[in-house]
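*Asks:* Here it is, the structure in full.
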Amino acid sequence: MAAATWHEKPSFLGRWGMRIFWTLLAFVMIFPFVYILSISFSNFNDVAGKGLVLIPAHPTLDAYNYVLASGVVTRAVGVSLFVTIVGTLVNLFMTVTMAYGLSRRGVPGRGFILGLVAFTILFAPGIIPKYLVVKQLGLLDNLWALILPGAISAFNLVVIRNSFMSIPEELIESAKLDGANDLRILWNFVLPLSGAVVAAIGLFYGVGHWNSFFDATLYINDPAKWPVQLVLRQFVLQGAVIQDVVVNQQPPPSITIQMAVVVLATIPILIVYPFLQKYFTKGVLTGSIKG
Amino acid sequence: MKQIVSEKKSLLQKTTPKTGAPLWQRMWRERWIYLLITPGLIYFVVFQYLPLLGNLIAFQDFSPFLGFFESPWVGLDNFARLFSDPDVGIAISNTLIISLLQIIFAFPIPIALAIMLNNMVSDKARRFLQSILYLPHFISWVIIISIFQQILGGDGFINNLIRGTGGQPLDIMSNPDFFKPLVVIQVVWKDSGWGTIIFLAALTAIDLSLYEAAVIDGANKWRRIWHITLPGIRSTIILLLVLRLGTILNTGFEQIFLQRNAVGAQAAEVLDTFVYFRGVQAGDWGFSTAVGLVKGLVGLILILGANKLARKFGEEGLF
């Protein structure tokens, strides 16, 4: 809301009170990120003393070089990238096709299938039976276990379907009369018209895959197939030591290594964040939350 | 163009009547639609409804070696254990306490933040604040907890600061007594900004002339917030509160799972983690499935009840 004519000038105290509040809030939100960033760039002397590293006196890339050379983290990043890219494509394919099918009027059985989908929002099947199904399908220790069991979010399906429903019926019917089948209509008309919503949902799916941690805990026992979040937990929260298999040298302080992994795992999110923000601040999603 | 469309429409109505045709004929006409729905339908059957059916092992003494068809049926035995196993009680009470703390402390903060952001005069400052407030929502729990560890943990920033001034270090991250407030603080830090979005959207829908009229009537800022702003977003608040009450048995699984070992099960075990550790870790499959099933059913009743409650308040409800 821009300043309206009737806005009275805030009092001196009120104005400064708010300024101090917002500054403090910004500090509380930003400082932790700055802190881990500076630790990750610190050398032994910086963290050995009081540990109060605000700006490292001797900035170094040692921790990053060590992490990248050790192989464990790079392999995990590879796994996460695979799951994120392939997983998001599977998500979008499955969600968009089903959403389109369920957005068309007059299809026998549509209401029933919609009901099936909606019910899963209200009642989740539970961890154990889902685990047993994945196990039964032979997907344990298989990266597809991180992709297929969550291939469609019913909520995202509803959001995309709502956006498809807002496309004028006449447009689709006339395309049909021109001889286009539903596949062509979806690809040539519906998708371009709903591009923003589909892209936003794709970003959300992607961020979800990158951040996903529990599915891998559940389904992946082989450390060679761990995604980055699981490796992060192992090394940062559980304090395991990253073995350097390449060079036999004095490793950098473990705390700097840990924070370097944290920073590396955060970077992809920071890269997509501006795009994410563009979509959700435009209200692309908030407007369609109610189904 | 419009004319062509309407012409085609009438032509369409003549040549392909929507209703009246036999069912198989109508289904054949929509064959492409069914083709498009099929992958998604297979997903829902295999990964949602098959596990839903799999909940039947709650009535079994299930053993993975025997499998679903060979495991012995034990009737309601697993459900009877719900009342005799003391760990279930701990999990229920931890779940409820954490949820209630979140509703009391974490729920109102986004509302207040949204109103304050909405009142900001400078667009630039507001956009900047929104950017940094929304960001943690997209960061994984593993990273968020790593960051908290670095700030509040034994060797973290705060304790180093305290040590530097000669004080006694505080045990925050691994103290069972502090676990529940800590969980709430983490949720506040991570998701308060994100939570403002839906309220900000509701705030923009308030008619600005109402404020203008209130100013003419001599209402100060606080009275305007109380009499115009809050009533304006009332239905959004009630809707979200109802939704939160309906999901009171969910406490944010990953966040708690990741920190459970540091403080122990007594303080940190919630229903979801209980199901995981009892089932997948300890192999008590039938019992943990029973716990999960009861949790799901109670959750279903709660969300339906909460929705009814919202309607009683004269709100639209969720469905």
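Chain labels A, B, ... are given in the sequence in which chains occur in the structure tokens; within each chain residues are numbered consecutively from 1, and ligands are likewise numbered from 1 in the order shown.
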Within 8 Å of B:Ile33, counting only C-alpha atoms, which residues qualify if same-chain residues fewer than 2 places away don't, as a list in words?
*Replies:* Tyr100, Gly101, Val107 and Asp182 of chain A; Glu30, Arg31, Leu35, Leu36 and Ile37 of chain B
*Asks:* With C-alpha atoms retained, export the selected residues as a PDB file, in the first residue's frame.
*Replies:*
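Below you can see again01.pdb, which holds the result:
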```
ATOM      1  CA  TYR A 100      -5.787 -31.699 -18.122  1.00  0.00           C
ATOM      2  CA  GLY A 101      -7.802 -34.900 -18.244  1.00  0.00           C
ATOM      3  CA  VAL A 107     -15.852 -37.079 -19.369  1.00  0.00           C
ATOM      4  CA  ASP A 182      -6.451 -33.775 -26.825  1.00  0.00           C
TER       5      ASP A 182
ATOM      6  CA  GLU B  30     -12.869 -39.159 -24.775  1.00  0.00           C
ATOM      7  CA  ARG B  31     -10.284 -41.898 -25.350  1.00  0.00           C
ATOM      8  CA  LEU B  35      -5.000 -41.968 -22.078  1.00  0.00           C
ATOM      9  CA  LEU B  36      -3.828 -38.726 -20.454  1.00  0.00           C
ATOM     10  CA  ILE B  37      -5.356 -39.590 -17.095  1.00  0.00           C
TER      11      ILE B  37
END
```
*Asks:* Using backbone DSSP assignments, extract all helix (DSSP H, G or I) residues from stretch 79-220 of chain B; output them as a ChimeraX atom specification.
*Replies:* /B:79-84,86-106,108-119,123-138,141-152,157-164,176-204,208-216
*Asks:* For B:Ala267, find every residue with an atom within 10 Å (counting only C-alpha atoms), except residues of its own chain fewer than 4 positions away, and show them as a list of chain:residue names.
*Replies:* B:Ile90, B:Ala91, B:Ser93, B:Asn94, B:Asn175, B:Pro176, B:Asp177, B:Phe178, B:Phe179, B:Lys180, B:Arg260, B:Val263
*Asks:* Smallest atom-to-atom distance to B:Ile256: which of B:Leu182, B:Ala80, B:Val188, B:Val121, using only C-alpha atoms?
*Replies:*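 Of the candidates, the smallest distance to B:Ile256 is held by B:Leu182.
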*Asks:* Which residues come within 12 Å of A:Ser166, counting only C-alpha atoms, excluding same-chain residues fewer than 2 positions away, as number ranges by chain?
*Replies:* A: 100, 103-104, 159-164, 168-172, 190, 193-194, 197, 288
*Asks:* Emit the selected residues as an mmCIF file, in the first residue's frame, including N, CA and C atoms.
*Replies:*
```
data_model
loop_
_atom_site.group_PDB
_atom_site.id
_atom_site.type_symbol
_atom_site.label_atom_id
_atom_site.label_comp_id
_atom_site.auth_asym_id
_atom_site.auth_seq_id
_atom_site.Cartn_x
_atom_site.Cartn_y
_atom_site.Cartn_z
ATOM 1 N N TYR A 100 -5.045 -32.028 -16.907
ATOM 2 C CA TYR A 100 -5.787 -31.699 -18.122
ATOM 3 C C TYR A 100 -6.979 -32.642 -18.282
ATOM 4 N N SER A 103 -9.699 -31.723 -16.164
ATOM 5 C CA SER A 103 -10.265 -30.384 -16.338
ATOM 6 C C SER A 103 -11.322 -30.375 -17.442
ATOM 7 N N ARG A 104 -11.373 -31.435 -18.249
ATOM 8 C CA ARG A 104 -12.332 -31.460 -19.352
ATOM 9 C C ARG A 104 -13.711 -31.862 -18.845
ATOM 10 N N VAL A 159 -4.204 -27.257 -8.182
ATOM 11 C CA VAL A 159 -3.835 -25.901 -8.602
ATOM 12 C C VAL A 159 -3.741 -25.826 -10.131
ATOM 13 N N ILE A 160 -3.060 -26.796 -10.737
ATOM 14 C CA ILE A 160 -2.909 -26.767 -12.192
ATOM 15 C C ILE A 160 -4.250 -26.987 -12.873
ATOM 16 N N ARG A 161 -5.049 -27.885 -12.328
ATOM 17 C CA ARG A 161 -6.365 -28.132 -12.914
ATOM 18 C C ARG A 161 -7.209 -26.853 -12.896
ATOM 19 N N ASN A 162 -7.170 -26.139 -11.773
ATOM 20 C CA ASN A 162 -7.931 -24.890 -11.697
ATOM 21 C C ASN A 162 -7.490 -23.922 -12.782
ATOM 22 N N SER A 163 -6.193 -23.875 -13.045
ATOM 23 C CA SER A 163 -5.734 -22.930 -14.064
ATOM 24 C C SER A 163 -6.170 -23.405 -15.459
ATOM 25 N N PHE A 164 -6.203 -24.725 -15.680
ATOM 26 C CA PHE A 164 -6.696 -25.246 -16.965
ATOM 27 C C PHE A 164 -8.189 -24.963 -17.142
ATOM 28 N N PRO A 168 -10.995 -20.707 -21.758
ATOM 29 C CA PRO A 168 -12.337 -20.759 -22.351
ATOM 30 C C PRO A 168 -12.602 -22.078 -23.092
ATOM 31 N N GLU A 169 -13.737 -22.650 -22.807
ATOM 32 C CA GLU A 169 -14.150 -23.917 -23.408
ATOM 33 C C GLU A 169 -14.187 -23.815 -24.936
ATOM 34 N N GLU A 170 -14.610 -22.634 -25.430
ATOM 35 C CA GLU A 170 -14.774 -22.468 -26.880
ATOM 36 C C GLU A 170 -13.459 -22.692 -27.621
ATOM 37 N N LEU A 171 -12.376 -22.228 -26.995
ATOM 38 C CA LEU A 171 -11.062 -22.350 -27.623
ATOM 39 C C LEU A 171 -10.727 -23.813 -27.874
ATOM 40 N N ILE A 172 -11.014 -24.628 -26.874
ATOM 41 C CA ILE A 172 -10.668 -26.043 -26.969
ATOM 42 C C ILE A 172 -11.595 -26.748 -27.951
ATOM 43 N N VAL A 190 -3.270 -25.329 -24.329
ATOM 44 C CA VAL A 190 -3.484 -25.239 -22.882
ATOM 45 C C VAL A 190 -2.184 -24.926 -22.141
ATOM 46 N N LEU A 193 -0.933 -21.345 -22.469
ATOM 47 C CA LEU A 193 -1.791 -20.393 -21.760
ATOM 48 C C LEU A 193 -1.607 -20.473 -20.240
ATOM 49 N N SER A 194 -1.182 -21.623 -19.753
ATOM 50 C CA SER A 194 -1.004 -21.769 -18.301
ATOM 51 C C SER A 194 0.464 -21.817 -17.932
ATOM 52 N N VAL A 197 1.704 -20.785 -14.303
ATOM 53 C CA VAL A 197 1.335 -21.665 -13.193
ATOM 54 C C VAL A 197 2.150 -22.959 -13.247
ATOM 55 N N SER A 288 -5.131 -19.463 -6.311
ATOM 56 C CA SER A 288 -5.819 -20.697 -6.674
ATOM 57 C C SER A 288 -5.734 -21.748 -5.582
#
```
*Asks:* Give me, as a ChimeraX atom specification, all polymer residues having an atom no more than 12 Å from B:Ile145, counting only C-alpha atoms and skipping those fewer than 5 positions away in the same chain.
*Replies:* /A:32,229,232-233,236-238,262 /B:136,139-140,150-153,173,182-183,185-187,189-190,254-260,262
*Asks:* Considering only C-alpha atoms, can you say which of B:Ile172, B:Ile98, B:Ala21, B:Ala310 comes closest to B:Ile158?
*Replies:* B:Ile172
*Asks:* Could you tell me which of A:Thr84, A:Thr97, A:Ser40, A:Asn221 comes closest to chain B if we count only C-alpha atoms?
*Replies:* A:Thr97
*Asks:* Mind pulling up the distance from atom CA of B:Tyr134 to atom CA of B:Arg244?
*Replies:*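 For atom CA of B:Arg244 relative to atom CA of B:Tyr134, the distance reads 20.0 Å.
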*Asks:* Show me, as a VMD selection string, the residues that have an atom within 10 Å of stretch 206-210 of chain A when counting only C-alpha atoms, minus same-chain residues fewer than 2 positions from it.
*Replies:* (chain A and resid 77 79 to 89 91 to 92 146 to 147 150 200 to 204 212 to 213 215 227 to 229 265 to 266 268 to 269 272 to 273 276) or (chain B and resid 138 to 140)
*Asks:* What's around B:Asp77 at 10 Å? Count only C-alpha atoms, leave out sequence neighbours fewer than 5 positions away in its own chain, and write the answer as JSON, numbers by chain.
*Replies:* {"B": [58, 59, 60, 61, 82, 286, 287, 290]}
*Asks:* For A:Val158, which of A:Leu13, A:Val96, A:Ala63, A:Leu24 is the closest residue, counting only C-alpha atoms?
*Replies:*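 Distance minimum relative to A:Val158 lands on A:Val96.
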*Asks:* So which one's closest to chain B, A:Leu183, A:Ala76, A:Leu68, A:Ala216? Using only C-alpha atoms, please.
*Replies:*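 Closest residue, counting only C-alpha atoms: A:Leu183.
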*Asks:* Using only C-alpha atoms, pick whichever of B:Asn160, B:Asn307, B:Ser235, B:Asn119 has the shortest atom-to-atom distance to B:Thr247.
*Replies:*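 Checking each of B:Asn160, B:Asn307, B:Ser235, B:Asn119 against B:Thr247, counting only C-alpha atoms, the winner is B:Asn307.
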